[in-house]
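**Q** Handing over model.cif, mmCIF, C-alpha atoms.
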data_input
loop_
_atom_site.label_atom_id
_atom_site.label_comp_id
_atom_site.auth_asym_id
_atom_site.auth_seq_id
_atom_site.Cartn_x
_atom_site.Cartn_y
_atom_site.Cartn_z
CA MET A 44 54.50 144.43 42.01
CA THR A 45 57.28 146.97 41.78
CA THR A 46 60.51 145.81 43.41
CA PRO A 47 62.77 148.08 45.49
CA LEU A 48 65.40 147.98 42.74
CA GLU A 49 62.84 149.01 40.12
CA LYS A 50 61.74 151.89 42.33
CA PHE A 51 65.36 152.94 42.75
CA HIS A 52 66.11 152.90 39.02
CA ALA A 53 62.92 154.85 38.29
CA ALA A 54 63.86 157.48 40.86
CA MET A 55 67.39 157.70 39.48
CA ARG A 56 65.94 158.44 36.07
CA GLU A 57 63.33 160.94 37.26
CA LEU A 58 64.67 162.65 40.41
CA PRO A 59 67.74 161.05 42.04
CA LEU A 60 67.54 163.00 45.28
CA VAL A 61 67.39 161.24 48.66
CA ALA A 62 65.54 163.14 51.38
CA ILE A 63 67.42 162.51 54.64
CA LEU A 64 64.88 163.10 57.40
CA ARG A 65 67.12 162.99 60.47
CA GLY A 66 65.14 163.72 63.64
CA LEU A 67 61.73 163.06 62.09
CA THR A 68 59.10 161.84 64.55
CA PRO A 69 56.20 159.52 63.70
CA ALA A 70 53.77 162.36 64.43
CA GLU A 71 55.41 164.42 61.66
CA ALA A 72 55.86 161.61 59.17
CA ALA A 73 52.68 162.22 57.20
CA ASP A 74 52.93 166.01 56.90
CA ILE A 75 56.66 166.15 56.22
CA GLY A 76 56.37 163.20 53.87
CA ASP A 77 53.61 164.98 51.94
CA ALA A 78 55.76 168.13 51.77
CA ILE A 79 58.58 166.19 50.13
CA ALA A 80 56.88 163.41 48.17
CA GLY A 81 54.17 165.75 46.91
CA PRO A 82 56.54 167.85 44.79
CA GLY A 83 58.27 164.73 43.45
CA PHE A 84 60.81 163.15 45.81
CA ARG A 85 60.72 159.35 45.62
CA LEU A 86 63.69 158.43 47.82
CA LEU A 87 62.90 158.87 51.53
CA GLU A 88 65.37 158.03 54.29
CA VAL A 89 64.72 158.14 58.04
CA PRO A 90 68.03 157.77 59.92
CA LEU A 91 67.88 155.25 62.73
CA ASN A 92 69.10 157.81 65.27
CA SER A 93 65.75 159.60 64.86
CA PRO A 94 62.94 159.16 67.44
CA HIS A 95 61.10 155.85 66.83
CA PRO A 96 62.44 155.58 63.26
CA LEU A 97 60.89 152.21 62.46
CA GLU A 98 57.44 153.58 63.20
CA SER A 99 58.04 156.54 60.88
CA ILE A 100 59.33 154.22 58.18
CA ALA A 101 56.25 151.99 58.47
CA LEU A 102 53.92 154.98 58.28
CA MET A 103 55.65 156.49 55.25
CA ARG A 104 55.92 153.14 53.48
CA LYS A 105 52.13 152.80 53.63
CA ARG A 106 51.44 156.43 52.76
CA PHE A 107 53.84 156.56 49.80
CA PRO A 108 53.73 153.11 48.17
CA HIS A 109 55.40 154.33 45.00
CA ALA A 110 58.35 155.83 46.89
CA LEU A 111 61.44 153.96 48.05
CA VAL A 112 61.32 154.39 51.81
CA GLY A 113 63.93 153.16 54.24
CA ALA A 114 66.54 153.93 56.84
CA GLY A 115 69.81 155.76 57.15
CA THR A 116 72.63 155.39 59.67
CA VAL A 117 72.24 151.61 59.45
CA LEU A 118 75.26 150.10 61.20
CA GLY A 119 74.51 146.39 61.67
CA ALA A 120 72.83 143.42 60.03
CA GLN A 121 70.14 143.19 62.72
CA GLN A 122 69.16 146.78 61.99
CA VAL A 123 68.75 145.82 58.34
CA ARG A 124 66.36 143.07 59.37
CA ASP A 125 64.47 145.46 61.64
CA VAL A 126 64.03 147.98 58.83
CA HIS A 127 62.88 145.24 56.47
CA ALA A 128 60.33 144.05 59.05
CA ALA A 129 58.96 147.60 59.26
CA GLY A 130 58.43 147.64 55.50
CA GLY A 131 61.55 149.59 54.58
CA GLU A 132 63.16 148.91 51.22
CA LEU A 133 66.19 151.20 51.37
CA ILE A 134 69.33 150.86 53.50
CA VAL A 135 71.78 153.77 53.72
CA SER A 136 74.92 153.75 55.85
CA PRO A 137 77.60 156.30 56.66
CA ASN A 138 80.26 153.63 56.21
CA PHE A 139 81.19 150.45 54.35
CA ASN A 140 80.15 147.36 56.29
CA ALA A 141 80.08 144.20 54.20
CA GLU A 142 77.64 142.45 56.56
CA VAL A 143 75.11 145.27 56.28
CA ILE A 144 75.34 145.26 52.49
CA ALA A 145 75.10 141.48 52.21
CA GLU A 146 72.04 141.33 54.47
CA ALA A 147 70.30 144.11 52.54
CA ALA A 148 71.04 142.33 49.27
CA ARG A 149 69.78 139.02 50.69
CA LEU A 150 66.49 140.68 51.59
CA GLY A 151 66.13 142.33 48.19
CA MET A 152 66.65 145.84 49.51
CA VAL A 153 68.45 148.75 47.87
CA CYS A 154 71.71 149.49 49.68
CA LEU A 155 73.76 152.70 49.47
CA PRO A 156 76.80 152.45 51.77
CA GLY A 157 79.03 155.38 52.56
CA VAL A 158 82.47 155.32 50.94
CA MET A 159 85.36 157.73 50.48
CA THR A 160 88.17 155.71 48.88
CA PRO A 161 88.48 153.41 45.86
CA THR A 162 89.17 150.50 48.23
CA GLU A 163 85.89 151.09 50.06
CA ALA A 164 84.02 151.65 46.80
CA PHE A 165 85.16 148.41 45.20
CA GLY A 166 84.64 146.50 48.44
CA ALA A 167 81.09 147.81 48.74
CA LEU A 168 80.23 146.86 45.17
CA ALA A 169 81.71 143.39 45.64
CA ALA A 170 79.53 142.95 48.72
CA GLY A 171 76.41 143.77 46.69
CA ALA A 172 75.86 147.52 47.05
CA THR A 173 73.29 149.04 44.69
CA GLY A 174 75.14 152.35 44.51
CA LEU A 175 77.62 154.41 46.49
CA LYS A 176 77.13 157.29 48.90
CA LEU A 177 80.17 159.58 48.84
CA PHE A 178 80.29 160.71 52.46
CA PRO A 179 81.03 163.16 53.87
CA ALA A 180 81.09 165.11 50.64
CA GLU A 181 82.65 168.05 52.51
CA LEU A 182 85.86 165.99 52.62
CA ALA A 183 85.76 165.31 48.90
CA SER A 184 85.21 167.29 45.70
CA PRO A 185 83.71 166.88 42.24
CA ALA A 186 87.19 165.85 41.10
CA VAL A 187 87.01 162.88 43.47
CA VAL A 188 83.75 161.75 41.86
CA LYS A 189 85.31 162.04 38.42
CA ALA A 190 88.38 160.05 39.47
CA LEU A 191 86.27 157.29 41.06
CA LEU A 192 84.04 156.98 38.02
CA ALA A 193 87.10 156.57 35.81
CA VAL A 194 87.87 153.24 37.48
CA LEU A 195 84.53 151.98 38.82
CA PRO A 196 82.29 149.71 36.72
CA ALA A 197 80.37 151.69 34.10
CA GLY A 198 77.03 152.89 35.36
CA THR A 199 77.88 152.83 39.07
CA PRO A 200 75.76 155.52 40.77
CA VAL A 201 77.87 157.76 43.00
CA MET A 202 75.81 160.11 45.16
CA PRO A 203 77.52 162.80 47.27
CA VAL A 204 75.99 163.45 50.69
CA GLY A 205 76.91 166.29 53.03
CA GLY A 206 76.63 170.00 52.44
CA ILE A 207 74.63 169.69 49.21
CA THR A 208 72.59 172.77 48.28
CA PRO A 209 70.77 173.88 45.13
CA ALA A 210 73.69 176.26 44.50
CA ASN A 211 76.46 173.65 44.44
CA MET A 212 74.75 170.74 42.71
CA ALA A 213 75.96 171.81 39.26
CA GLU A 214 79.66 171.37 40.02
CA TRP A 215 79.09 167.93 41.49
CA ARG A 216 76.93 166.95 38.54
CA ALA A 217 79.69 168.09 36.18
CA GLY A 218 82.02 165.69 37.99
CA GLY A 219 79.63 162.83 37.31
CA ALA A 220 77.45 162.63 40.42
CA ALA A 221 74.37 160.54 39.64
CA GLY A 222 72.28 162.13 42.37
CA PHE A 223 72.49 163.46 45.91
CA GLY A 224 71.48 162.89 49.50
CA ILE A 225 70.04 166.03 51.07
CA GLY A 226 69.82 166.51 54.80
CA SER A 227 69.50 169.65 56.89
CA ALA A 228 69.17 171.93 53.87
CA LEU A 229 65.85 170.19 53.27
CA TYR A 230 64.62 169.08 56.69
CA LYS A 231 65.65 169.48 60.30
CA PRO A 232 63.63 169.04 63.49
CA GLY A 233 61.20 171.87 64.10
CA LYS A 234 61.02 173.00 60.48
CA GLU A 235 57.46 173.58 59.32
CA ALA A 236 56.09 171.41 56.55
CA ALA A 237 55.41 174.43 54.31
CA ALA A 238 59.07 175.49 54.53
CA VAL A 239 60.19 171.93 53.83
CA CYS A 240 57.95 171.87 50.76
CA ASP A 241 59.40 175.17 49.51
CA ASP A 242 62.96 173.87 49.85
CA ALA A 243 62.02 170.55 48.22
CA LYS A 244 60.79 172.50 45.21
CA LYS A 245 64.06 174.48 45.09
CA PHE A 246 66.10 171.29 44.97
CA ILE A 247 63.84 169.83 42.31
CA ALA A 248 64.11 172.99 40.22
CA ALA A 249 67.89 172.98 40.56
CA TRP A 250 68.12 169.34 39.44
CA THR A 251 65.68 169.88 36.57
CA GLY A 252 67.77 172.83 35.42
CA LEU A 253 70.91 170.69 35.42
CA ILE A 254 69.49 167.92 33.27
CA GLN A 255 67.91 170.37 30.83
CA ALA A 256 71.04 172.46 30.46
#
Take the structure in the file and write it out as structure tokens.
**A**
Amino acid sequence: MTTPLEKFHAAMRELPLVAILRGLTPAEAADIGDAIAGPGFRLLEVPLNSPHPLESIALMRKRFPHALVGAGTVLGAQQVRDVHAAGGELIVSPNFNAEVIAEAARLGMVCLPGVMTPTEAFGALAAGATGLKLFPAELASPAVVKALLAVLPAGTPVMPVGGITPANMAEWRAGGAAGFGIGSALYKPGKEAAAVCDDAKKFIAAWTGLIQA
């Protein structure tokens, strides 16, 4: 059986892009999931401020067993337990909360907390974070990623989230970003599955171009 951590490491090697599906409804989960997972995404996040997020997570977890499916905007330890009960294996937060990280680690889940400063980054890793979400990336720069990586433990994945597009991924990658979280540029409520699929392919092509360059 593949563990959440094994799924995460495989995705980081193959396509380290997290699809942030804020606003997704359970009725859309299959079609939108197909539009994103079909082309190659393996990291799927349904923020908890979406309609009936646990239901969507459960549906996508069953439909995409090889993907790492879980929740975003996770703010408390009970929410971690709720996501785990729904079958989720990924916990993403906008902030650093040691209790959230510790509970996710206890349950064997992958945890990517949001950080902005070295203090938050080191605190998150000490609490058991799998990797770090640099958020909001609009407040940072590729130079911030480079500076963080100079002092963080070797191999720490730092993934900018916020305002990421196929056009600006190269500069972040040059700064050392290990991957990205992608939100409204990929999916937003009301967007047709075909359009989501087209944009998923654009992000995949952009990433593939970076690693082949």
**Q** Quick one: apply the PyMOL selection byres ((chain A and resi 189) around 10) to the file and drop the selected residues here as a count of residues only.
**A** 17
**Q** So that I can see what lies close to segment 226-242 of chain A, please list as a PyMOL selection string the residues with an atom at most 10 Å from it, counting only C-alpha atoms and leaving out residues fewer than 5 positions away in the same chain.
**A** chain A and resi 61-68+71+73-82+88+93+204-209+247-248
**Q** Select, from A:Ile100, A:Ala164, A:Val89, A:Ala53, the residue with the minimum atom-to-atom distance to Val117 of chain A, counting all atoms listed in the file.
**A**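 The closest residue to Val117 of chain A is A:Val89.
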**Q** Which residue gives the smallest distance to Asp125 of chain A among A:Lys105, A:Gly171, A:Leu91, A:Gly157, with only C-alpha atoms counted?
**A**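 Closest to Asp125 of chain A of all the choices is A:Leu91.
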**Q** Smallest atom-to-atom distance to Ala172 of chain A: which of A:Asn92, A:Leu48, A:Ala221, A:Pro59, using all atoms listed in the file?
**A**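 Using all atoms listed in the file, the shortest distance to Ala172 of chain A belongs to A:Leu48.
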**Q** Could you pull the residues within 9 Å of segment 121-124 of chain A, counting only C-alpha atoms, minus those fewer than 4 positions along the same chain, as a ChimeraX atom specification?
**A** /A:91,114,117,128-129,131,134,143-144,146-147,150
**Q** Enumerate, as a tab-separated table (two decimals) with C-alpha atoms, keeping the file's coordinate frame, the residues matched when the PyMOL selection byres ((chain A and resi 163) around 12) is run on the file above.
**A**
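Writing done, so here's part_8.tsv:
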chain	number	residue	atom	x	y	z
A	137	PRO	CA	77.60	156.30	56.66
A	138	ASN	CA	80.26	153.63	56.21
A	139	PHE	CA	81.19	150.45	54.35
A	140	ASN	CA	80.15	147.36	56.29
A	141	ALA	CA	80.08	144.20	54.20
A	156	PRO	CA	76.80	152.45	51.77
A	157	GLY	CA	79.03	155.38	52.56
A	158	VAL	CA	82.47	155.32	50.94
A	159	MET	CA	85.36	157.73	50.48
A	160	THR	CA	88.17	155.71	48.88
A	161	PRO	CA	88.48	153.41	45.86
A	162	THR	CA	89.17	150.50	48.23
A	164	ALA	CA	84.02	151.65	46.80
A	165	PHE	CA	85.16	148.41	45.20
A	166	GLY	CA	84.64	146.50	48.44
A	167	ALA	CA	81.09	147.81	48.74
A	168	LEU	CA	80.23	146.86	45.17
A	169	ALA	CA	81.71	143.39	45.64
A	170	ALA	CA	79.53	142.95	48.72
A	172	ALA	CA	75.86	147.52	47.05
A	175	LEU	CA	77.62	154.41	46.49
A	176	LYS	CA	77.13	157.29	48.90
A	177	LEU	CA	80.17	159.58	48.84
A	178	PHE	CA	80.29	160.71	52.46
A	191	LEU	CA	86.27	157.29	41.06
A	195	LEU	CA	84.53	151.98	38.82
**Q** Atom CA of Ala213 of chain A and atom CA of Gly252 of chain A, how far apart in Å?
**A**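 Atom-to-atom, atom CA of Gly252 of chain A and atom CA of Ala213 of chain A are spaced 9.1 Å apart.
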**Q** Let me make sure I understand: among A:Leu97, A:Phe84, A:Met212, A:Gly224, which one has the smallest atom-to-atom distance to Ile254 of chain A if we use all atoms listed in the file?
**A** A:Met212
**Q** Translate the PyMOL selection byres ((chain A and resi 109) around 10) into a concrete residue list for this structure, as JSON, numbers by chain.
**A** {"A": [45, 47, 50, 54, 80, 85, 86, 104, 105, 106, 107, 108, 110, 111, 112]}
**Q** May I have the residues within 10 Å of Ala210 of chain A as an MDAnalysis selection string, using all atoms listed in the file and disregarding those fewer than 5 positions away in the same chain?
**A** chainID A and resid 245:246 249
**Q** Just the number, please: distance in Å from atom CA of Met152 of chain A to atom CA of Leu102 of chain A, one decimal.
**A**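 Rounded to one decimal, the two atoms are 18.0 Å apart.
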**Q** Pick the closest to Ala243 of chain A from A:Leu60, A:Ala72, A:Ala120, A:Leu133: which is it, counting all atoms listed in the file?
**A**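 Closest residue, counting all atoms listed in the file: A:Leu60.
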**Q** Of the residues A:Pro69, A:Pro196, A:Pro90, A:Gly174, which is the one nearest to Phe51 of chain A, using all atoms listed in the file?
**A**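 With all atoms listed in the file as the atom set, the closest residue is A:Gly174.
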**Q** Would you compute the distance between atom CA of Pro203 of chain A and atom CA of Trp250 of chain A? Give it in Å to one decimal.
**A** 13.9 Å
**Q** Need a file for segment 59-207 of chain A from that block: C-alpha atoms, written as a JSON list (two decimals), in the first residue's frame.
**A**
[["chain", "number", "residue", "atom", "x", "y", "z"],
["A", 59, "PRO", "CA", 4.97, 19.05, -8.01],
["A", 60, "LEU", "CA", 1.89, 21.15, -8.66],
["A", 61, "VAL", "CA", -0.97, 21.32, -6.14],
["A", 62, "ALA", "CA", -4.40, 21.96, -7.65],
["A", 63, "ILE", "CA", -6.27, 24.23, -5.22],
["A", 64, "LEU", "CA", -9.95, 23.65, -5.92],
["A", 65, "ARG", "CA", -11.52, 26.40, -3.82],
["A", 66, "GLY", "CA", -15.30, 26.48, -4.26],
["A", 67, "LEU", "CA", -15.56, 22.98, -5.73],
["A", 68, "THR", "CA", -18.88, 21.23, -5.06],
["A", 69, "PRO", "CA", -19.34, 17.47, -4.68],
["A", 70, "ALA", "CA", -21.41, 17.45, -7.89],
["A", 71, "GLU", "CA", -18.38, 18.79, -9.80],
["A", 72, "ALA", "CA", -15.74, 16.69, -8.07],
["A", 73, "ALA", "CA", -15.63, 13.90, -10.64],
["A", 74, "ASP", "CA", -15.58, 16.04, -13.79],
["A", 75, "ILE", "CA", -13.19, 18.68, -12.48],
["A", 76, "GLY", "CA", -11.03, 15.99, -10.93],
["A", 77, "ASP", "CA", -10.85, 14.17, -14.26],
["A", 78, "ALA", "CA", -9.92, 17.44, -16.00],
["A", 79, "ILE", "CA", -6.96, 17.91, -13.67],
["A", 80, "ALA", "CA", -5.85, 14.40, -12.76],
["A", 81, "GLY", "CA", -6.26, 13.16, -16.32],
["A", 82, "PRO", "CA", -3.45, 15.32, -17.73],
["A", 83, "GLY", "CA", -1.17, 14.42, -14.80],
["A", 84, "PHE", "CA", -1.86, 16.35, -11.58],
["A", 85, "ARG", "CA", -1.41, 14.15, -8.51],
["A", 86, "LEU", "CA", -1.80, 16.69, -5.71],
["A", 87, "LEU", "CA", -5.45, 17.70, -5.20],
["A", 88, "GLU", "CA", -6.57, 20.12, -2.50],
["A", 89, "VAL", "CA", -10.16, 21.07, -1.64],
["A", 90, "PRO", "CA", -10.15, 24.05, 0.76],
["A", 91, "LEU", "CA", -12.45, 23.60, 3.72],
["A", 92, "ASN", "CA", -14.29, 26.84, 2.96],
["A", 93, "SER", "CA", -15.72, 25.15, -0.15],
["A", 94, "PRO", "CA", -19.29, 23.73, -0.17],
["A", 95, "HIS", "CA", -19.37, 20.31, 1.57],
["A", 96, "PRO", "CA", -15.59, 19.87, 1.21],
["A", 97, "LEU", "CA", -15.35, 16.57, 3.08],
["A", 98, "GLU", "CA", -17.79, 14.99, 0.65],
["A", 99, "SER", "CA", -15.73, 16.20, -2.31],
["A", 100, "ILE", "CA", -12.56, 14.91, -0.70],
["A", 101, "ALA", "CA", -14.12, 11.49, -0.10],
["A", 102, "LEU", "CA", -15.35, 11.29, -3.69],
["A", 103, "MET", "CA", -12.00, 12.30, -5.18],
["A", 104, "ARG", "CA", -10.04, 10.04, -2.86],
["A", 105, "LYS", "CA", -11.99, 7.04, -4.20],
["A", 106, "ARG", "CA", -11.87, 8.18, -7.82],
["A", 107, "PHE", "CA", -8.15, 8.97, -7.85],
["A", 108, "PRO", "CA", -6.49, 6.41, -5.56],
["A", 109, "HIS", "CA", -3.02, 7.18, -6.88],
["A", 110, "ALA", "CA", -3.36, 10.91, -6.20],
["A", 111, "LEU", "CA", -2.70, 12.65, -2.90],
["A", 112, "VAL", "CA", -6.07, 14.17, -2.06],
["A", 113, "GLY", "CA", -6.81, 16.36, 0.91],
["A", 114, "ALA", "CA", -7.87, 19.71, 2.28],
["A", 115, "GLY", "CA", -6.71, 23.28, 2.30],
["A", 116, "THR", "CA", -7.50, 26.13, 4.69],
["A", 117, "VAL", "CA", -7.17, 23.70, 7.60],
["A", 118, "LEU", "CA", -7.09, 25.80, 10.77],
["A", 119, "GLY", "CA", -7.54, 23.38, 13.69],
["A", 120, "ALA", "CA", -6.68, 19.90, 14.89],
["A", 121, "GLN", "CA", -10.30, 18.73, 14.77],
["A", 122, "GLN", "CA", -10.45, 19.67, 11.10],
["A", 123, "VAL", "CA", -7.39, 17.51, 10.52],
["A", 124, "ARG", "CA", -9.22, 14.58, 12.10],
["A", 125, "ASP", "CA", -12.31, 15.29, 10.02],
["A", 126, "VAL", "CA", -10.31, 15.30, 6.79],
["A", 127, "HIS", "CA", -8.58, 12.07, 7.79],
["A", 128, "ALA", "CA", -11.95, 10.45, 8.51],
["A", 129, "ALA", "CA", -13.11, 11.43, 5.02],
["A", 130, "GLY", "CA", -10.10, 9.67, 3.51],
["A", 131, "GLY", "CA", -7.96, 12.75, 2.96],
["A", 132, "GLU", "CA", -4.19, 12.36, 3.13],
["A", 133, "LEU", "CA", -3.04, 15.95, 2.60],
["A", 134, "ILE", "CA", -3.34, 18.91, 4.97],
["A", 135, "VAL", "CA", -2.59, 22.42, 3.70],
["A", 136, "SER", "CA", -2.92, 25.56, 5.81],
["A", 137, "PRO", "CA", -2.54, 29.27, 5.13],
["A", 138, "ASN", "CA", -0.63, 29.66, 8.38],
["A", 139, "PHE", "CA", 1.72, 27.94, 10.84],
["A", 140, "ASN", "CA", -0.21, 26.19, 13.59],
["A", 141, "ALA", "CA", 1.85, 23.65, 15.51],
["A", 142, "GLU", "CA", -1.24, 21.72, 16.67],
["A", 143, "VAL", "CA", -2.47, 21.25, 13.11],
["A", 144, "ILE", "CA", 0.94, 20.02, 11.96],
["A", 145, "ALA", "CA", 1.40, 17.68, 14.92],
["A", 146, "GLU", "CA", -2.05, 16.12, 14.44],
["A", 147, "ALA", "CA", -1.45, 15.61, 10.72],
["A", 148, "ALA", "CA", 1.91, 14.00, 11.45],
["A", 149, "ARG", "CA", 0.35, 11.77, 14.13],
["A", 150, "LEU", "CA", -2.18, 10.53, 11.58],
["A", 151, "GLY", "CA", 0.46, 9.90, 8.93],
["A", 152, "MET", "CA", -0.74, 12.69, 6.67],
["A", 153, "VAL", "CA", 1.31, 15.02, 4.49],
["A", 154, "CYS", "CA", 1.26, 18.55, 5.91],
["A", 155, "LEU", "CA", 2.16, 21.77, 4.07],
["A", 156, "PRO", "CA", 1.66, 24.77, 6.38],
["A", 157, "GLY", "CA", 1.80, 28.34, 5.18],
["A", 158, "VAL", "CA", 4.89, 30.31, 6.21],
["A", 159, "MET", "CA", 6.49, 33.63, 5.33],
["A", 160, "THR", "CA", 9.41, 34.06, 7.73],
["A", 161, "PRO", "CA", 12.39, 31.93, 8.79],
["A", 162, "THR", "CA", 10.92, 31.74, 12.30],
["A", 163, "GLU", "CA", 7.68, 30.26, 10.96],
["A", 164, "ALA", "CA", 9.56, 27.96, 8.59],
["A", 165, "PHE", "CA", 11.78, 26.46, 11.27],
["A", 166, "GLY", "CA", 8.88, 26.22, 13.70],
["A", 167, "ALA", "CA", 6.78, 24.36, 11.14],
["A", 168, "LEU", "CA", 9.55, 21.89, 10.37],
["A", 169, "ALA", "CA", 10.16, 21.30, 14.08],
["A", 170, "ALA", "CA", 6.46, 20.53, 14.50],
["A", 171, "GLY", "CA", 6.64, 17.88, 11.77],
["A", 172, "ALA", "CA", 5.73, 19.64, 8.52],
["A", 173, "THR", "CA", 6.41, 17.67, 5.34],
["A", 174, "GLY", "CA", 7.17, 20.80, 3.33],
["A", 175, "LEU", "CA", 6.48, 24.52, 3.36],
["A", 176, "LYS", "CA", 3.90, 26.60, 1.54],
["A", 177, "LEU", "CA", 5.23, 30.12, 0.95],
["A", 178, "PHE", "CA", 2.04, 32.15, 1.26],
["A", 179, "PRO", "CA", 0.96, 34.56, 0.00],
["A", 180, "ALA", "CA", 3.63, 34.49, -2.67],
["A", 181, "GLU", "CA", 2.51, 37.94, -3.81],
["A", 182, "LEU", "CA", 4.15, 39.29, -0.64],
["A", 183, "ALA", "CA", 7.40, 37.48, -1.34],
["A", 184, "SER", "CA", 9.74, 36.96, -4.29],
["A", 185, "PRO", "CA", 12.06, 34.33, -5.75],
["A", 186, "ALA", "CA", 14.83, 35.98, -3.73],
["A", 187, "VAL", "CA", 12.94, 35.10, -0.55],
["A", 188, "VAL", "CA", 12.85, 31.44, -1.58],
["A", 189, "LYS", "CA", 16.58, 31.50, -2.27],
["A", 190, "ALA", "CA", 17.32, 33.12, 1.09],
["A", 191, "LEU", "CA", 15.15, 30.62, 2.99],
["A", 192, "LEU", "CA", 16.74, 27.65, 1.26],
["A", 193, "ALA", "CA", 20.19, 28.91, 2.22],
["A", 194, "VAL", "CA", 19.40, 28.30, 5.90],
["A", 195, "LEU", "CA", 16.72, 25.59, 5.91],
["A", 196, "PRO", "CA", 17.65, 21.89, 6.12],
["A", 197, "ALA", "CA", 18.82, 20.56, 2.76],
["A", 198, "GLY", "CA", 16.00, 19.15, 0.70],
["A", 199, "THR", "CA", 13.19, 21.13, 2.35],
["A", 200, "PRO", "CA", 10.45, 21.61, -0.28],
["A", 201, "VAL", "CA", 9.35, 25.25, -0.48],
["A", 202, "MET", "CA", 6.26, 25.77, -2.63],
["A", 203, "PRO", "CA", 5.03, 29.30, -3.43],
["A", 204, "VAL", "CA", 1.25, 29.76, -3.51],
["A", 205, "GLY", "CA", -0.58, 32.85, -4.70],
["A", 206, "GLY", "CA", -0.53, 34.45, -8.12],
["A", 207, "ILE", "CA", 1.34, 31.58, -9.81]]
